[in-house]
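Below: protein27.txt (compact mmCIF, C-alpha atoms and all ligand atoms)
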# COMPACT_ATOMS: atom_id res chain seq x y z
CA MET T 275 58.79 -35.46 39.79
CA VAL T 276 59.94 -39.00 39.20
CA HIS T 277 61.58 -40.96 41.94
CA SER T 278 63.24 -43.76 40.12
CA LEU T 279 65.12 -44.99 43.19
CA PRO T 280 64.36 -46.98 45.15
CA LYS T 281 61.58 -48.96 43.49
CA SER T 282 59.52 -49.22 46.67
CA TRP T 283 59.43 -45.44 46.80
CA VAL T 284 58.15 -45.33 43.23
CA LEU T 285 55.33 -47.65 44.15
CA PHE T 286 54.58 -45.73 47.30
CA CYS T 287 54.61 -42.41 45.48
CA SER T 288 52.33 -43.69 42.77
CA LEU T 289 49.85 -44.90 45.33
CA ALA T 290 50.16 -41.81 47.45
CA ALA T 291 49.77 -39.58 44.44
CA ILE T 292 46.61 -41.40 43.50
CA LEU T 293 45.18 -41.63 46.98
CA PHE T 294 46.08 -38.34 48.56
CA PRO T 295 47.61 -35.29 46.97
CA LEU T 296 45.63 -34.76 43.83
CA ALA T 297 42.43 -35.31 45.72
CA THR T 298 43.24 -33.08 48.63
CA PRO T 299 42.56 -29.38 48.36
CA ALA T 300 44.93 -27.05 50.11
CA THR T 301 42.33 -26.06 52.60
CA ALA T 302 41.74 -29.63 53.72
CA LEU T 303 44.92 -30.07 55.73
CA LEU T 304 45.86 -33.57 56.73
CA GLN T 305 45.40 -34.28 60.39
CA PRO T 306 48.63 -36.03 61.37
CA SER T 307 48.75 -38.83 63.89
CA ASN T 308 49.75 -38.03 67.45
CA ALA T 309 53.32 -39.05 66.74
CA GLU T 310 53.48 -36.48 63.99
CA LYS T 311 51.21 -33.84 65.37
CA ALA T 312 51.80 -30.60 63.57
CA THR T 313 52.67 -27.53 65.52
CA PRO T 314 50.50 -24.59 64.48
CA GLU T 315 52.32 -22.91 61.66
CA ALA T 316 52.11 -19.48 63.20
CA SER T 317 54.34 -20.56 66.07
CA ILE T 318 57.08 -22.25 64.05
CA LYS T 319 57.98 -19.59 61.58
CA LEU T 320 61.65 -19.23 60.92
CA VAL T 321 62.88 -21.27 63.80
CA GLY T 322 65.99 -23.38 63.61
CA GLN T 323 68.49 -20.87 62.30
CA LYS T 324 71.73 -20.96 64.24
CA SER T 325 72.54 -17.34 63.64
CA ASP T 326 70.65 -14.15 63.09
CA LYS T 327 70.86 -14.76 59.40
CA ILE T 328 67.98 -16.62 57.84
CA LEU T 329 69.02 -19.69 55.90
CA VAL T 330 66.93 -21.09 53.07
CA THR T 331 67.49 -24.60 51.75
CA ILE T 332 66.98 -24.85 48.01
CA ASP T 333 66.56 -28.45 46.92
CA PRO T 334 66.88 -29.24 43.21
CA GLY T 335 65.29 -32.69 42.95
CA HIS T 336 66.99 -35.81 41.62
CA GLY T 337 70.48 -35.64 40.07
CA GLY T 338 73.22 -37.99 38.90
CA LYS T 339 71.94 -41.52 38.37
CA ASP T 340 68.39 -40.25 38.91
CA PRO T 341 67.49 -37.82 36.10
CA GLY T 342 63.90 -37.46 37.30
CA ALA T 343 61.08 -37.19 34.80
CA ILE T 344 61.85 -37.55 31.11
CA GLY T 345 59.64 -35.37 28.96
CA LEU T 346 59.05 -34.85 25.28
CA ASP T 347 62.10 -35.04 23.05
CA GLY T 348 64.04 -36.52 25.95
CA LEU T 349 63.89 -33.35 28.04
CA ARG T 350 65.21 -34.30 31.48
CA GLU T 351 63.79 -32.93 34.70
CA VAL T 352 67.26 -32.42 36.17
CA ASP T 353 68.27 -30.18 33.29
CA VAL T 354 65.27 -27.92 33.85
CA ILE T 355 65.24 -27.64 37.61
CA LEU T 356 68.93 -27.17 38.34
CA PRO T 357 69.27 -23.82 36.53
CA ILE T 358 66.03 -22.64 38.14
CA SER T 359 67.28 -23.66 41.59
CA LEU T 360 70.70 -22.07 41.11
CA ARG T 361 69.10 -18.79 40.09
CA VAL T 362 66.67 -18.82 43.03
CA SER T 363 69.65 -19.28 45.33
CA LYS T 364 71.61 -16.50 43.65
CA ILE T 365 68.73 -14.02 43.87
CA LEU T 366 68.16 -14.75 47.55
CA GLN T 367 71.85 -14.29 48.27
CA GLU T 368 71.83 -10.98 46.45
CA LYS T 369 68.98 -9.94 48.73
CA GLY T 370 71.00 -10.83 51.81
CA VAL T 371 69.40 -14.20 52.51
CA ALA T 372 71.80 -17.10 53.07
CA THR T 373 71.06 -20.21 51.07
CA GLN T 374 72.03 -23.83 51.07
CA LEU T 375 71.76 -25.95 47.91
CA THR T 376 71.29 -29.67 48.49
CA ARG T 377 73.17 -30.13 45.22
CA ASP T 378 74.72 -27.57 42.89
CA SER T 379 75.45 -29.73 39.86
CA ASP T 380 74.34 -33.04 38.42
CA TYR T 381 75.07 -35.60 41.12
CA PHE T 382 72.90 -37.88 43.21
CA VAL T 383 71.73 -36.97 46.70
CA GLY T 384 69.36 -39.20 48.70
CA LEU T 385 66.05 -37.83 49.92
CA ASP T 386 66.82 -38.35 53.61
CA GLU T 387 70.22 -36.81 53.10
CA ARG T 388 68.62 -33.62 51.77
CA VAL T 389 66.51 -33.20 54.87
CA VAL T 390 69.39 -33.99 57.22
CA MET T 391 71.61 -31.52 55.38
CA SER T 392 69.03 -28.80 55.84
CA ARG T 393 68.46 -29.63 59.51
CA LYS T 394 72.17 -29.68 60.32
CA ALA T 395 72.64 -26.29 58.72
CA GLY T 396 69.79 -24.87 60.79
CA ALA T 397 67.72 -23.79 57.81
CA SER T 398 64.54 -21.83 58.32
CA ILE T 399 62.62 -23.02 55.30
CA PHE T 400 63.01 -25.79 52.71
CA VAL T 401 62.06 -25.32 49.06
CA SER T 402 62.25 -28.31 46.75
CA ILE T 403 62.04 -27.71 43.01
CA HIS T 404 60.80 -30.32 40.53
CA ALA T 405 59.13 -30.69 37.15
CA ASN T 406 56.30 -33.07 36.48
CA SER T 407 55.33 -35.69 33.91
CA ILE T 408 52.36 -37.86 33.10
CA ASP T 409 52.16 -40.67 30.58
CA ASN T 410 49.75 -40.41 27.67
CA ARG T 411 48.28 -37.08 28.80
CA PRO T 412 49.88 -34.35 26.69
CA ASP T 413 46.90 -32.16 27.59
CA VAL T 414 47.96 -31.96 31.25
CA ASN T 415 50.05 -28.94 32.16
CA GLY T 416 50.42 -26.34 34.89
CA LEU T 417 51.87 -25.47 38.25
CA GLU T 418 51.41 -27.47 41.46
CA THR T 419 52.86 -26.53 44.83
CA TYR T 420 52.91 -29.08 47.61
CA HIS T 421 53.18 -28.80 51.37
CA TYR T 422 52.59 -31.20 54.22
CA HIS T 423 52.35 -30.55 57.92
CA ARG T 424 54.11 -27.21 57.72
CA GLY T 425 54.50 -24.83 54.87
CA LEU T 426 50.95 -24.07 53.77
CA GLU T 427 51.52 -20.34 54.02
CA LEU T 428 54.89 -20.60 52.27
CA ALA T 429 53.26 -22.73 49.55
CA ASN T 430 50.44 -20.25 49.07
CA ILE T 431 52.75 -17.26 48.78
CA VAL T 432 55.27 -18.87 46.42
CA HIS T 433 52.50 -20.39 44.31
CA SER T 434 50.59 -17.14 43.92
CA ASN T 435 53.77 -15.27 43.05
CA ILE T 436 54.48 -17.70 40.23
CA ILE T 437 50.92 -17.62 38.94
CA GLY T 438 50.86 -13.84 39.31
CA VAL T 439 53.71 -13.60 36.81
CA LEU T 440 53.65 -16.60 34.48
CA GLY T 441 49.91 -17.14 34.75
CA GLU T 442 49.40 -13.72 33.22
CA ASP T 443 51.27 -14.44 29.99
CA ARG T 444 49.17 -13.66 26.95
CA ASP T 445 50.36 -16.72 25.08
CA GLU T 446 50.09 -20.04 26.89
CA PRO T 447 49.67 -18.69 30.42
CA LEU T 448 50.78 -21.06 33.18
CA LEU T 449 47.77 -23.01 34.44
CA ASP T 450 47.09 -22.91 38.17
CA ARG T 451 46.71 -26.53 39.29
CA GLY T 452 46.59 -25.52 42.91
CA VAL T 453 48.36 -25.76 46.25
CA ARG T 454 48.11 -29.32 47.48
CA SER T 455 49.03 -31.50 50.41
CA ALA T 456 51.21 -34.56 49.89
CA ARG T 457 53.37 -36.85 51.98
CA PHE T 458 56.55 -36.46 49.97
CA LEU T 459 59.49 -37.49 52.11
CA VAL T 460 61.30 -34.17 52.00
CA LEU T 461 58.12 -32.45 53.20
CA ARG T 462 57.15 -35.08 55.75
CA LYS T 463 60.54 -35.23 57.39
CA SER T 464 61.35 -31.55 57.40
CA ASP T 465 60.69 -29.91 60.74
CA ILE T 466 60.56 -26.46 59.21
CA PRO T 467 58.12 -24.99 56.67
CA ALA T 468 58.80 -27.04 53.56
CA ILE T 469 57.30 -26.97 50.09
CA LEU T 470 57.79 -28.76 46.79
CA VAL T 471 57.18 -26.79 43.61
CA GLU T 472 56.33 -28.73 40.45
CA VAL T 473 57.08 -26.03 37.92
CA GLY T 474 55.20 -27.66 35.04
CA TYR T 475 54.76 -30.76 32.90
CA LEU T 476 57.63 -31.95 30.73
CA THR T 477 55.14 -34.15 28.88
CA SER T 478 53.05 -31.23 27.67
CA PRO T 479 54.04 -30.15 24.14
CA THR T 480 53.59 -26.47 24.94
CA GLU T 481 54.97 -26.49 28.46
CA SER T 482 58.03 -28.61 27.66
CA ILE T 483 59.13 -26.02 25.10
CA LYS T 484 58.75 -23.25 27.68
CA LEU T 485 60.50 -25.21 30.43
CA ASN T 486 63.42 -25.91 28.11
CA SER T 487 63.88 -22.20 27.46
CA GLU T 488 66.46 -20.30 29.45
CA LYS T 489 64.30 -17.20 29.54
CA TYR T 490 61.31 -19.06 30.98
CA GLN T 491 63.52 -20.82 33.54
CA GLU T 492 64.78 -17.42 34.64
CA ARG T 493 61.27 -16.01 34.96
CA MET T 494 60.22 -19.06 36.96
CA ALA T 495 63.23 -18.66 39.25
CA ASP T 496 62.56 -14.96 39.72
CA ALA T 497 58.95 -15.63 40.70
CA ILE T 498 59.90 -18.40 43.15
CA ALA T 499 62.56 -16.19 44.74
CA GLN T 500 60.12 -13.30 44.98
CA GLY T 501 57.63 -15.56 46.75
CA ILE T 502 60.26 -16.77 49.22
CA LEU T 503 61.31 -13.19 49.96
CA GLU T 504 57.70 -12.16 50.51
CA TYR T 505 57.19 -15.06 52.91
CA LEU T 506 60.39 -14.26 54.81
CA ASP T 507 59.39 -10.64 55.02
CA LYS T 508 55.99 -11.48 56.50
CA SER T 509 57.37 -14.16 58.81
CA THR T 510 60.22 -12.16 60.26
CA ASN T 511 57.89 -9.27 60.98
CA VAL T 512 55.67 -11.57 62.99
CA SER T 513 58.15 -13.80 64.76
CA ASN T 514 61.17 -11.62 65.48
CA SER T 515 60.03 -10.63 68.93
CA ILE T 516 59.04 -14.10 70.11
CA PRO T 517 61.83 -16.68 70.20
CA VAL T 518 60.41 -20.13 69.63
CA PRO T 519 62.42 -23.31 70.25
CA PRO T 520 63.05 -25.57 67.26
CA VAL T 521 60.43 -28.23 66.77
CA LYS T 522 61.66 -31.78 67.23
CA LEU T 523 60.36 -34.29 64.77
CA PRO T 524 61.48 -37.80 65.73
CA ILE T 525 59.31 -39.46 63.18
CA LYS T 526 59.70 -42.86 61.67
CA PRO T 527 57.84 -43.20 58.37
CA SER T 528 56.21 -46.36 59.69
CA ALA T 529 54.62 -44.40 62.52
CA TRP T 530 52.39 -42.52 60.15
CA LYS T 531 48.95 -43.84 59.38
CA PRO T 532 46.49 -42.24 57.01
CA PRO T 533 44.09 -40.20 59.12
CA ALA T 534 40.47 -41.25 58.92
CA SER T 535 39.52 -37.91 57.47
CA VAL T 536 41.68 -38.49 54.42
CA ASN T 537 40.12 -41.84 53.66
CA SER T 538 36.64 -40.55 54.06
CA PRO T 539 35.18 -39.92 50.60
CA SER T 540 33.24 -36.99 51.98
CA THR T 541 36.45 -35.05 52.62
CA ILE T 542 37.94 -35.64 49.20
CA ILE T 543 36.98 -32.79 46.96
CA PRO T 544 39.18 -32.83 43.88
CA ARG T 545 39.91 -29.42 42.51
CA PHE T 546 41.03 -31.04 39.29
CA PRO T 547 40.22 -34.31 37.59
CA LEU T 548 41.94 -37.15 39.41
CA ILE T 549 44.83 -38.28 37.30
CA GLU T 550 47.69 -40.61 37.91
CA VAL T 551 50.91 -38.69 38.13
CA GLN T 552 54.14 -40.61 37.90
CA LYS T 553 56.23 -39.91 40.99
ZN ZN M 1 60.89 -34.68 40.47

Take the structure from the file and write it as structure tokens.
Ligand SMILES: [Zn+2]
Amino acid sequence: MVHSLPKSWVLFCSLAAILFPLATPATALLQPSNAEKATPEASIKLVGQKSDKILVTIDPGHGGKDPGAIGLDGLREVDVILPISLRVSKILQEKGVATQLTRDSDYFVGLDERVVMSRKAGASIFVSIHANSIDNRPDVNGLETYHYHRGLELANIVHSNIIGVLGEDRDEPLLDRGVRSARFLVLRKSDIPAILVEVGYLTSPTESIKLNSEKYQERMADAIAQGILEYLDKSTNVSNSIPVPPVKLPIKPSAWKPPASVNSPSTIIPRFPLIEVQK
């Protein structure tokens, strides 16, 4: 996931990636400030839809002037994640779940715009799809799934579905790099369960070949879609009988301050070696 625009976001992401997400295990949820206090996830499942039909926002990252990460042999993130995203959307639709794509071909859409688009449509969940890169570390590969103040359960289910399929391959199984918490804008500003899937590393010699393959992209999409369907199935069973009003999230980015618990070294338990990931 490379955010080349604007530059301040690149700097922020680099710092945030170093300071928070890679060092924060999924179980150590961030404690948001009062202004951004998270509603318990159990009470916000599948709220926001304007009709009986569940709507899922599928968000292929980057696009247009922002190609995202550039991997080995010039492999572009946008060219990997768009076909995956389109197939996820198609599968969900075939299963009777309405979807919204924040983009459906190679054009630029701003990060805020993606969240607003999803909110206006009354989506129930938000799934952003990206591919990763890291300079000078061809040895780094694997799947990461991010959440923030909502979406841990969605992240866990989608992540384990992907690992359950692609992590079982006999040759070059997909490495499980964990479910993590990170303040990515599309997660932070979404007022519904939102996750960001980093499907693998374009800078890994083995993984870039897989990610460039149509067959592997299809298998990845199938696993993501299966995870979303499993989550929706569980969530609708729980929440159908109890209508819950949509959660308002009038948050300005500047209102957020790192909680003390995140800065405390005692709470940072890296599941993987701390590495600098270009965001
Ligand atoms: Zn990306």

Using only the atoms of range 344-355 of chain T listed in the file, plus 4 Å on each side, state the axis-aligned box centre and edge lengths in Å rounded to one decimal, as JSON.
{"center_x": 63.7, "center_y": -32.6, "center_z": 30.3, "size_x": 17.2, "size_y": 17.9, "size_z": 22.6}

Find the residue from T:Val471, T:Ile483, T:Val460, T:Met494 that sits nearest to Ile358 in chain T; use only C-alpha atoms when measuring.
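Smallest distance to Ile358 in chain T is found for T:Met494.
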
Between CA of Ser392 in chain T and CA of Gly335 in chain T lies a distance of 14.0 Å

Residue contacts of His421 in chain T (8 Å, only C-alpha atoms) excluding same-chain residues fewer than 2 positions away, as number ranges by chain
T: 419, 423-426, 429, 453-456, 461, 468-470

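Proximity of T:His404, T:Lys364, T:Arg377, T:Arg451 to ligand ZN 1 (chain M), computed with all atoms listed in the file, is greatest for T:His404.
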
Tell me, as a PDB file with C-alpha atoms, in the coordinates of the input, which residues lie within 10 Å of Ile332 in chain T, counting only C-alpha atoms; anything in the same chain fewer than 4 positions away does not count.
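Saved file around-v7.pdb follows:
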ATOM      1  CA  SER T 359      67.280 -23.660  41.590  1.00  0.00           C
ATOM      2  CA  LEU T 360      70.700 -22.070  41.110  1.00  0.00           C
ATOM      3  CA  VAL T 362      66.670 -18.820  43.030  1.00  0.00           C
ATOM      4  CA  SER T 363      69.650 -19.280  45.330  1.00  0.00           C
ATOM      5  CA  THR T 373      71.060 -20.210  51.070  1.00  0.00           C
ATOM      6  CA  GLN T 374      72.030 -23.830  51.070  1.00  0.00           C
ATOM      7  CA  LEU T 375      71.760 -25.950  47.910  1.00  0.00           C
ATOM      8  CA  THR T 376      71.290 -29.670  48.490  1.00  0.00           C
ATOM      9  CA  ARG T 377      73.170 -30.130  45.220  1.00  0.00           C
ATOM     10  CA  ASP T 378      74.720 -27.570  42.890  1.00  0.00           C
ATOM     11  CA  ARG T 388      68.620 -33.620  51.770  1.00  0.00           C
ATOM     12  CA  SER T 392      69.030 -28.800  55.840  1.00  0.00           C
ATOM     13  CA  ALA T 397      67.720 -23.790  57.810  1.00  0.00           C
ATOM     14  CA  ILE T 399      62.620 -23.020  55.300  1.00  0.00           C
ATOM     15  CA  PHE T 400      63.010 -25.790  52.710  1.00  0.00           C
ATOM     16  CA  VAL T 401      62.060 -25.320  49.060  1.00  0.00           C
ATOM     17  CA  SER T 402      62.250 -28.310  46.750  1.00  0.00           C
ATOM     18  CA  ILE T 403      62.040 -27.710  43.010  1.00  0.00           C
TER      19      ILE T 403
END

Show which residues sit within 7 Å of Gly337 in chain T, as a PyMOL selection string. Count all atoms listed in the file, and ignore same-chain residues fewer than 3 positions away.
chain T and resi 340-341+352+380-383

Determine the nearest neighbour of Val354 in chain T from the options T:Ser509, T:Arg462, T:Ala405, T:Arg457, counting only C-alpha atoms.
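Using only C-alpha atoms, Val354 in chain T sits closest to T:Ala405.
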
Let me make sure I understand: among T:Glu387, T:Asp353, T:Glu472, T:Asp465, which one has the smallest atom-to-atom distance to ligand ZN 1 (chain M) if we use all atoms listed in the file?
T:Glu472

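Coordinates place CA of Glu504 in chain T at a distance of 24.1 Å from CA of Leu485 in chain T.
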
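Computed from the coordinates, the CA of Pro447 in chain T to CA of Gly416 in chain T distance equals 8.9 Å.
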